[in-house]
$ cat my_file-v9.txt   # compact mmCIF, C-alpha atoms
# COMPACT_ATOMS: atom_id res chain seq x y z
CA GLY A 294 199.68 84.73 154.11
CA HIS A 295 198.17 87.20 151.67
CA LEU A 296 200.39 89.77 149.96
CA MET A 297 197.58 92.29 149.55
CA PRO A 298 194.44 93.17 151.44
CA LEU A 299 191.30 91.79 149.75
CA THR A 300 191.08 93.61 146.42
CA TYR A 301 188.43 93.58 143.68
CA ALA A 302 188.02 95.24 140.28
CA LEU A 303 184.46 96.52 139.87
CA PRO A 304 182.07 96.10 138.24
CA HIS A 305 183.57 92.86 136.86
CA GLU A 306 184.12 91.32 140.32
CA TYR A 307 181.02 92.77 141.94
CA ASN A 308 179.61 89.45 143.15
CA ALA A 309 182.94 88.43 144.68
CA PHE A 310 183.19 91.80 146.43
CA VAL A 311 179.70 91.55 147.91
CA SER A 312 180.53 88.07 149.18
CA GLY A 313 183.80 89.25 150.73
CA TYR A 314 182.22 92.34 152.26
CA SER A 315 179.33 90.35 153.72
CA SER A 316 181.62 87.69 155.15
CA ILE A 317 183.70 90.31 156.96
CA GLN A 318 180.57 92.12 158.12
CA LYS A 319 179.21 88.92 159.69
CA SER A 320 182.43 88.30 161.59
CA ALA A 321 182.87 91.95 162.61
CA GLY A 322 181.35 91.24 165.99
CA ASN A 323 184.16 88.81 166.78
CA THR A 324 186.98 91.20 165.86
CA ARG A 325 187.97 94.76 166.62
CA SER A 326 188.74 95.46 162.97
CA PRO A 327 186.14 97.71 161.27
CA ASN A 328 184.83 96.80 157.81
CA TYR A 329 186.32 99.77 155.95
CA TRP A 330 187.20 99.76 152.23
CA ILE A 331 189.23 102.14 150.10
CA VAL A 332 187.90 103.00 146.64
CA LYS A 333 190.30 103.94 143.82
CA PRO A 334 189.11 105.01 140.34
CA ILE A 335 190.96 103.20 137.56
CA GLY A 336 193.15 105.39 135.38
CA LEU A 337 193.65 108.23 137.84
CA SER A 338 196.88 108.97 139.71
CA ARG A 339 198.19 111.12 142.55
CA GLY A 340 195.34 110.13 144.85
CA ARG A 341 192.58 111.72 142.78
CA GLY A 342 189.09 110.34 143.41
CA ILE A 343 190.11 108.06 146.30
CA SER A 344 187.63 107.63 149.14
CA ILE A 345 187.08 105.37 152.14
CA ILE A 346 183.68 103.78 152.71
CA LYS A 347 182.10 101.64 155.39
CA GLU A 348 178.71 100.84 153.81
CA ILE A 349 178.21 98.81 150.66
CA SER A 350 175.59 101.35 149.57
CA GLN A 351 178.37 103.93 149.23
CA VAL A 352 180.01 102.02 146.37
CA SER A 353 179.41 103.65 142.97
CA TYR A 354 179.37 101.53 139.81
CA SER A 355 179.26 104.36 137.28
CA GLN A 356 182.95 103.92 136.45
CA PRO A 357 185.52 101.12 136.75
CA ILE A 358 187.09 101.12 140.20
CA VAL A 359 189.41 99.09 142.36
CA ILE A 360 188.11 98.49 145.87
CA GLN A 361 190.45 97.20 148.55
CA ARG A 362 190.02 96.28 152.20
CA TYR A 363 191.36 99.20 154.19
CA VAL A 364 194.21 98.46 156.59
CA SER A 365 192.57 100.07 159.61
CA ASN A 366 195.33 99.15 162.08
CA PRO A 367 198.41 100.69 160.42
CA MET A 368 201.74 100.96 162.14
CA LEU A 369 202.04 104.54 163.34
CA PHE A 370 205.04 106.76 163.87
CA MET A 371 204.49 109.54 166.38
CA GLY A 372 200.76 109.00 165.95
CA TYR A 373 200.77 109.44 162.16
CA LYS A 374 199.90 106.87 159.51
CA PHE A 375 202.52 106.30 156.81
CA ASP A 376 203.26 104.07 153.86
CA LEU A 377 206.50 103.42 151.98
CA ARG A 378 207.40 104.02 148.35
CA ILE A 379 209.90 101.32 147.42
CA TYR A 380 211.70 101.36 144.06
CA VAL A 381 212.34 98.08 142.26
CA LEU A 382 214.30 97.77 139.01
CA ALA A 383 213.29 94.75 136.91
CA THR A 384 216.04 93.94 134.42
CA SER A 385 214.49 90.70 133.16
CA PHE A 386 211.27 88.73 133.21
CA ASN A 387 211.14 85.07 132.32
CA PRO A 388 213.76 84.52 133.75
CA LEU A 389 213.18 87.01 136.55
CA GLU A 390 215.93 89.35 137.69
CA ALA A 391 215.24 92.40 139.83
CA PHE A 392 216.99 94.79 142.19
CA ILE A 393 215.52 96.79 145.08
CA TYR A 394 216.70 100.29 145.99
CA LYS A 395 217.73 100.62 149.61
CA GLU A 396 216.66 104.26 149.86
CA GLY A 397 213.08 105.37 149.39
CA LEU A 398 210.36 107.60 150.76
CA ALA A 399 208.07 107.30 153.76
CA ARG A 400 204.88 109.23 153.03
CA PHE A 401 202.91 110.50 156.01
CA CYS A 402 199.41 111.80 156.56
CA SER A 403 199.30 115.36 157.85
CA ARG A 404 196.92 114.69 160.75
CA LYS A 405 197.27 112.08 163.47
CA TYR A 406 195.53 108.79 162.83
CA SER A 407 192.08 107.78 164.00
CA ASN A 408 189.89 104.92 162.81
CA ASN A 409 186.70 106.47 164.14
CA PRO A 410 183.94 106.46 161.48
CA GLU A 411 183.66 110.26 161.78
CA SER A 412 187.23 110.64 160.45
CA LEU A 413 186.78 108.57 157.27
CA GLY A 414 186.14 111.60 155.09
CA ASP A 415 189.30 113.38 156.26
CA THR A 416 192.00 112.62 153.71
CA ARG A 417 194.58 114.31 155.93
CA VAL A 418 194.12 111.45 158.41
CA HIS A 419 193.87 108.47 156.04
CA LEU A 420 195.54 109.10 152.66
CA THR A 421 199.31 109.35 152.37
CA ASN A 422 199.47 110.48 148.74
CA THR A 423 201.94 113.36 148.63
CA SER A 424 199.98 115.24 145.95
CA LEU A 425 196.83 115.14 148.07
CA GLN A 426 198.56 116.27 151.24
CA LYS A 427 200.23 119.10 149.34
CA GLU A 428 196.81 120.56 148.50
CA PHE A 429 196.30 121.41 152.18
CA GLY A 430 199.40 123.62 152.27
CA ASP A 431 202.08 123.56 154.94
CA ILE A 432 201.54 121.20 157.87
CA PRO A 433 200.82 123.37 160.94
CA ASP A 434 202.01 120.75 163.44
CA ARG A 435 205.72 121.41 163.96
CA SER A 436 206.08 118.03 165.67
CA HIS A 437 205.23 116.27 162.40
CA PRO A 438 207.95 113.80 161.28
CA ALA A 439 208.60 115.77 158.08
CA TYR A 440 209.64 118.77 160.21
CA LEU A 441 211.66 116.74 162.68
CA ALA A 442 213.57 115.10 159.81
CA GLY A 443 215.12 118.41 158.79
CA SER A 444 216.91 118.01 155.45
CA ASN A 445 215.62 114.41 155.36
CA GLY A 446 212.04 115.65 155.19
CA SER A 447 209.92 117.67 152.79
CA GLY A 448 206.20 118.37 152.69
CA SER A 449 204.67 115.26 154.26
CA LYS A 450 207.41 112.74 153.42
CA VAL A 451 210.77 111.72 154.81
CA ALA A 452 213.73 109.68 153.63
CA LEU A 453 213.31 105.97 154.31
CA SER A 454 216.78 105.82 155.87
CA TRP A 455 215.80 108.52 158.39
CA LEU A 456 212.65 106.63 159.35
CA TRP A 457 214.62 103.37 159.77
CA ASN A 458 217.01 105.10 162.16
CA ARG A 459 214.18 106.54 164.24
CA LEU A 460 212.29 103.24 164.38
CA LYS A 461 215.51 101.47 165.37
CA CYS A 462 215.91 103.92 168.25
CA ASN A 463 212.36 102.98 169.31
CA GLY A 464 213.34 99.32 169.52
CA VAL A 465 211.89 98.22 166.17
CA ASN A 466 213.78 95.52 164.27
CA THR A 467 214.14 97.40 160.98
CA ILE A 468 216.22 94.62 159.39
CA ASP A 469 213.22 92.33 159.84
CA LEU A 470 210.92 94.95 158.29
CA TRP A 471 213.25 95.31 155.31
CA MET A 472 213.37 91.55 154.74
CA LYS A 473 209.55 91.49 154.78
CA ILE A 474 209.48 94.24 152.15
CA ILE A 475 211.90 92.29 149.95
CA ASP A 476 209.80 89.16 150.36
CA VAL A 477 206.60 90.95 149.32
CA CYS A 478 208.26 92.57 146.28
CA ARG A 479 209.83 89.28 145.20
CA LYS A 480 206.56 87.35 145.48
CA ALA A 481 204.66 90.05 143.59
CA LEU A 482 207.15 89.90 140.72
CA CYS A 483 207.13 86.09 140.71
CA SER A 484 203.34 86.09 140.46
CA VAL A 485 203.47 87.83 137.06
CA ASP A 486 206.79 86.50 135.76
CA SER A 487 205.25 83.85 133.52
CA ASP A 488 202.81 86.37 132.01
CA ILE A 489 205.42 88.90 130.87
CA PRO A 490 207.42 87.92 127.77
CA ASN A 491 211.18 88.16 127.90
CA GLN A 492 212.53 91.39 126.42
CA PRO A 493 216.33 91.26 126.62
CA ASN A 494 216.69 94.86 125.41
CA SER A 495 214.51 96.47 128.08
CA PHE A 496 214.15 97.18 131.80
CA GLU A 497 211.50 98.79 133.98
CA LEU A 498 211.47 100.73 137.22
CA PHE A 499 208.46 100.05 139.47
CA GLY A 500 207.17 101.94 142.49
CA PHE A 501 205.90 99.52 145.13
CA ASP A 502 203.63 101.02 147.78
CA VAL A 503 203.66 99.00 151.00
CA ILE A 504 202.32 99.52 154.51
CA PHE A 505 202.89 97.78 157.83
CA ASP A 506 200.14 97.06 160.32
CA THR A 507 200.40 96.98 164.10
CA ASP A 508 201.47 93.31 163.91
CA GLN A 509 204.36 94.39 161.64
CA LYS A 510 202.88 92.48 158.71
CA CYS A 511 203.87 94.02 155.39
CA TRP A 512 200.98 94.62 152.98
CA LEU A 513 201.38 95.41 149.29
CA ILE A 514 198.96 98.21 148.43
CA GLU A 515 199.77 98.66 144.75
CA VAL A 516 202.54 98.60 142.15
CA ASN A 517 203.09 101.65 139.94
CA SER A 518 204.57 100.99 136.53
CA SER A 519 205.51 104.65 136.02
CA PRO A 520 206.42 106.02 139.45
CA SER A 521 206.76 109.77 139.60
CA LEU A 522 210.37 110.90 139.33
CA SER A 523 209.57 114.60 139.42
CA CYS A 524 211.55 116.58 141.97
CA ASP A 525 210.17 119.55 143.87
CA SER A 526 212.54 119.54 146.84
CA SER A 527 216.16 118.86 147.72
CA LEU A 528 214.99 115.58 149.29
CA ASP A 529 213.51 114.48 145.94
CA ASN A 530 216.63 115.60 144.12
CA ARG A 531 218.82 113.52 146.40
CA ILE A 532 216.75 110.34 146.48
CA LYS A 533 215.24 110.28 142.99
CA GLY A 534 218.34 111.75 141.40
CA GLY A 535 220.48 109.07 143.01
CA LEU A 536 217.94 106.44 141.98
CA ILE A 537 218.11 107.47 138.32
CA VAL A 538 221.92 107.57 138.28
CA ASP A 539 222.19 104.17 139.98
CA ALA A 540 219.53 102.60 137.73
CA VAL A 541 221.30 103.71 134.54
CA SER A 542 224.67 102.63 135.96
CA LEU A 543 223.31 99.17 136.85
CA VAL A 544 221.62 98.65 133.48
CA ASP A 545 224.83 99.91 131.85
CA PRO A 546 223.63 100.43 128.26
CA VAL A 547 226.35 99.31 125.90
CA ALA A 548 228.18 101.87 123.78
CA TYR A 549 227.29 101.63 120.10
CA ASP A 550 228.54 103.03 116.83
CA ARG A 551 225.94 105.61 115.75
CA THR A 552 227.36 105.90 112.23
CA ALA A 553 227.17 102.14 111.75
CA LEU A 554 223.60 102.09 113.09
CA VAL A 555 222.50 104.73 110.57
CA LYS A 556 224.08 102.75 107.72
CA VAL A 557 222.37 99.53 108.82
CA LEU A 558 218.98 101.24 109.08
CA ASN A 559 219.35 102.91 105.70
CA ARG A 560 220.31 99.60 104.08
CA ARG A 561 217.32 97.87 105.64
CA ILE A 562 214.99 100.63 104.40
CA MET A 563 216.41 100.67 100.88
CA HIS A 564 216.85 96.92 100.46
CA ARG A 565 214.00 95.28 102.37
CA LYS A 566 214.06 92.15 100.20
CA ALA A 567 217.73 91.52 100.86
CA GLY A 568 216.96 90.11 104.32
CA PHE A 569 218.34 91.07 107.71
CA LEU A 570 221.89 90.11 108.59
CA LEU A 571 221.33 90.26 112.33
CA GLU A 572 224.66 88.93 113.62
CA GLU A 573 226.70 90.93 111.12
CA ASP A 574 224.70 94.10 111.80
CA LEU A 575 225.11 93.73 115.56
CA SER A 576 228.84 93.21 115.22
CA ARG A 577 229.08 96.48 113.30
CA ILE A 578 226.86 98.44 115.68
CA LEU A 579 228.35 96.93 118.85
CA PRO A 580 231.98 96.46 117.86
CA ASP A 581 233.63 95.98 121.23
CA THR A 582 231.01 95.21 123.87
CA ARG A 583 228.16 92.88 124.64
CA PRO A 584 225.28 93.47 127.05
CA ARG A 585 225.46 91.90 130.49
CA ARG A 586 223.77 88.52 130.64
CA VAL A 587 220.99 87.86 133.13
CA GLY A 588 222.52 86.37 136.27
CA ASP A 589 225.92 88.02 135.80
CA THR A 590 226.84 90.49 138.52
CA PRO A 591 226.46 94.10 137.30
CA LYS A 592 229.62 96.19 137.30
CA ARG A 593 227.90 98.84 139.43
CA VAL A 594 224.84 98.41 141.64
CA GLY A 595 224.98 101.67 143.61
CA GLY A 596 222.17 101.71 146.15
CA PHE A 597 220.48 98.62 144.69
CA GLU A 598 220.59 95.05 145.94
CA LEU A 599 219.48 91.86 144.18
CA ILE A 600 216.20 90.37 145.34

$ encode --input "my_file-v9.txt" --output "structure tokens"
Amino acid sequence: GHLMPLTYALPHEYNAFVSGYSSIQKSAGNTRSPNYWIVKPIGLSRGRGISIIKEISQVSYSQPIVIQRYVSNPMLFMGYKFDLRIYVLATSFNPLEAFIYKEGLARFCSRKYSNNPESLGDTRVHLTNTSLQKEFGDIPDRSHPAYLAGSNGSGSKVALSWLWNRLKCNGVNTIDLWMKIIDVCRKALCSVDSDIPNQPNSFELFGFDVIFDTDQKCWLIEVNSSPSLSCDSSLDNRIKGGLIVDAVSLVDPVAYDRTALVKVLNRRIMHRKAGFLLEEDLSRILPDTRPRRVGDTPKRVGGFELI
């Protein structure tokens, strides 16, 4: 099946979007799923400028946007819509090697979910972005999951591990949900593996945003190449702080001789025509260690697991 809901980049894919929208509109009478779409301006973050529309006439073409079929039947917890921020550490492309972090964040809306057309303009019902929800101040409903989670909650989000435990108590097979998340993340990375050149001296941490529907299908909403690691609560400090420590430990940058590096750089600057003695320079800079090879088991993985 599809990894993502139908998604188009406008205005470039305008004709394809109109075709997709019209096709769904024609079949709307045979399904209970409304023809809602979520509009995201390109280049903005933290939920800014996002809106949900139900009429094609509401789409603006004055700026580049991404428009995506809205998952109107999300899995709910205690009546609230939520999505999951999953952290994936890519240590190599081409060949692909990546690790998924077992802890993460479940981000909730601050009002209970409704897919009635009248609610589409209420971001507190439909948009899980933490920055957006924060603008509305403290959540008045003391039965909200973020309150019930205690130290595992903050603002409108909770620790993924806390949510797993609660869902498990409700009879949900959370191991199956986790395997679906891994499958979606793996397939997404594989789809771009051949397009990203190998860079043996680099790594990248991605923030995958996924959501489950009422059929427990996992949908990839988007992938963030620079996920926010800012911390404004003890929950953030614990999860993101642990993530950073475990990521650096897994990557395990090799110790190098700073004095030797300075000498090599100075020689290269002063004697450009002499050529680069790569192997000799590396042996001076990295006298005792070599980086881990792709495929070798890292010395420390912390909260990560290979995908």

$ closest_residue --input "my_file-v9.txt" --among "A:Gly534, A:Gly414, A:Gly397, A:Gly595" --to "Asp502 in chain A" --atoms "only C-alpha atoms"
A:Gly397

$ atom_distance --input "my_file-v9.txt" --atom1 "CA of Glu306 in chain A" --atom2 "CA of Trp512 in chain A"
21.3 Å

$ closest_atom_pairs --input "my_file-v9.txt" --of "range 528-582 of chain A" --to "range 439-456 of chain A" --cutoff "9 Å" --atoms "only C-alpha atoms" --output "CSV"
residue,atom,partner,partner_atom,distance
A:Leu528,CA,A:Asn445,CA,6.2
A:Asp529,CA,A:Ser447,CA,8.4
A:Ile532,CA,A:Ala452,CA,7.8

$ residues_near_point --input "my_file-v9.txt" --point "(204.7, 101.7, 139.1)" --cutoff "8 Å" --atoms "only C-alpha atoms" --output "JSON, numbers by chain"
{"A": [498, 499, 500, 501, 516, 517, 518, 519, 520]}

$ closest_residue --input "my_file-v9.txt" --among "A:Leu575, A:Ile379, A:Ile504, A:Ala399" --to "Cys478 in chain A" --atoms "only C-alpha atoms"
A:Ile379

$ closest_residue --input "my_file-v9.txt" --among "A:Val544, A:Ile360, A:Val485, A:Ile317" --to "Thr300 in chain A" --atoms "all atoms listed in the file"
A:Ile360

$ residues_near_point --input "my_file-v9.txt" --point "(188.5, 91.3, 156.6)" --cutoff "8 Å" --atoms "all atoms listed in the file" --output "number ranges by chain"
A: 299, 313-314, 316-317, 326, 328, 362

$ closest_residue --input "my_file-v9.txt" --among "A:Ser350, A:Ser344, A:Thr384, A:Ser355" --to "Val418 in chain A" --atoms "all atoms listed in the file"
A:Ser344

$ closest_residue --input "my_file-v9.txt" --among "A:Asp506, A:Asp415, A:Asp581, A:Asp376" --to "Leu398 in chain A" --atoms "all atoms listed in the file"
A:Asp376

$ residues_around --input "my_file-v9.txt" --residues "Trp330 in chain A" --least-positions-apart "3" --cutoff "7 Å" --atoms "all atoms listed in the file" --output "ChimeraX atom specification"
/A:345-347,360-363

$ residues_around --input "my_file-v9.txt" --residues "Ile335 in chain A" --least-positions-apart "2" --cutoff "10 Å" --atoms "all atoms listed in the file" --output "list of chain:residue names"
A:Ala302, A:Leu303, A:Val332, A:Lys333, A:Leu337, A:Ser338, A:Gly342, A:Gln356, A:Pro357, A:Ile358, A:Val359, A:Ile360

$ closest_residue --input "my_file-v9.txt" --among "A:Gly596, A:Pro490, A:Gly535, A:Pro304" --to "Ser385 in chain A" --atoms "all atoms listed in the file"
A:Pro490

$ residues_around --input "my_file-v9.txt" --residues "Gln492 in chain A" --least-positions-apart "3" --cutoff "10 Å" --atoms "all atoms listed in the file" --output "list in words"
Thr384, Ser385, Phe386, Asn387, Ile489, Ser495 and Phe496 of chain A

$ residues_around --input "my_file-v9.txt" --residues "range 481-484 of chain A" --least-positions-apart "4" --cutoff "9 Å" --atoms "all atoms listed in the file" --output "JSON, numbers by chain"
{"A": [296, 383, 386, 389, 391, 476, 477, 488, 513, 516]}

$ atom_distance --input "my_file-v9.txt" --atom1 "CA of Arg585 in chain A" --atom2 "CA of Glu573 in chain A"
19.4 Å
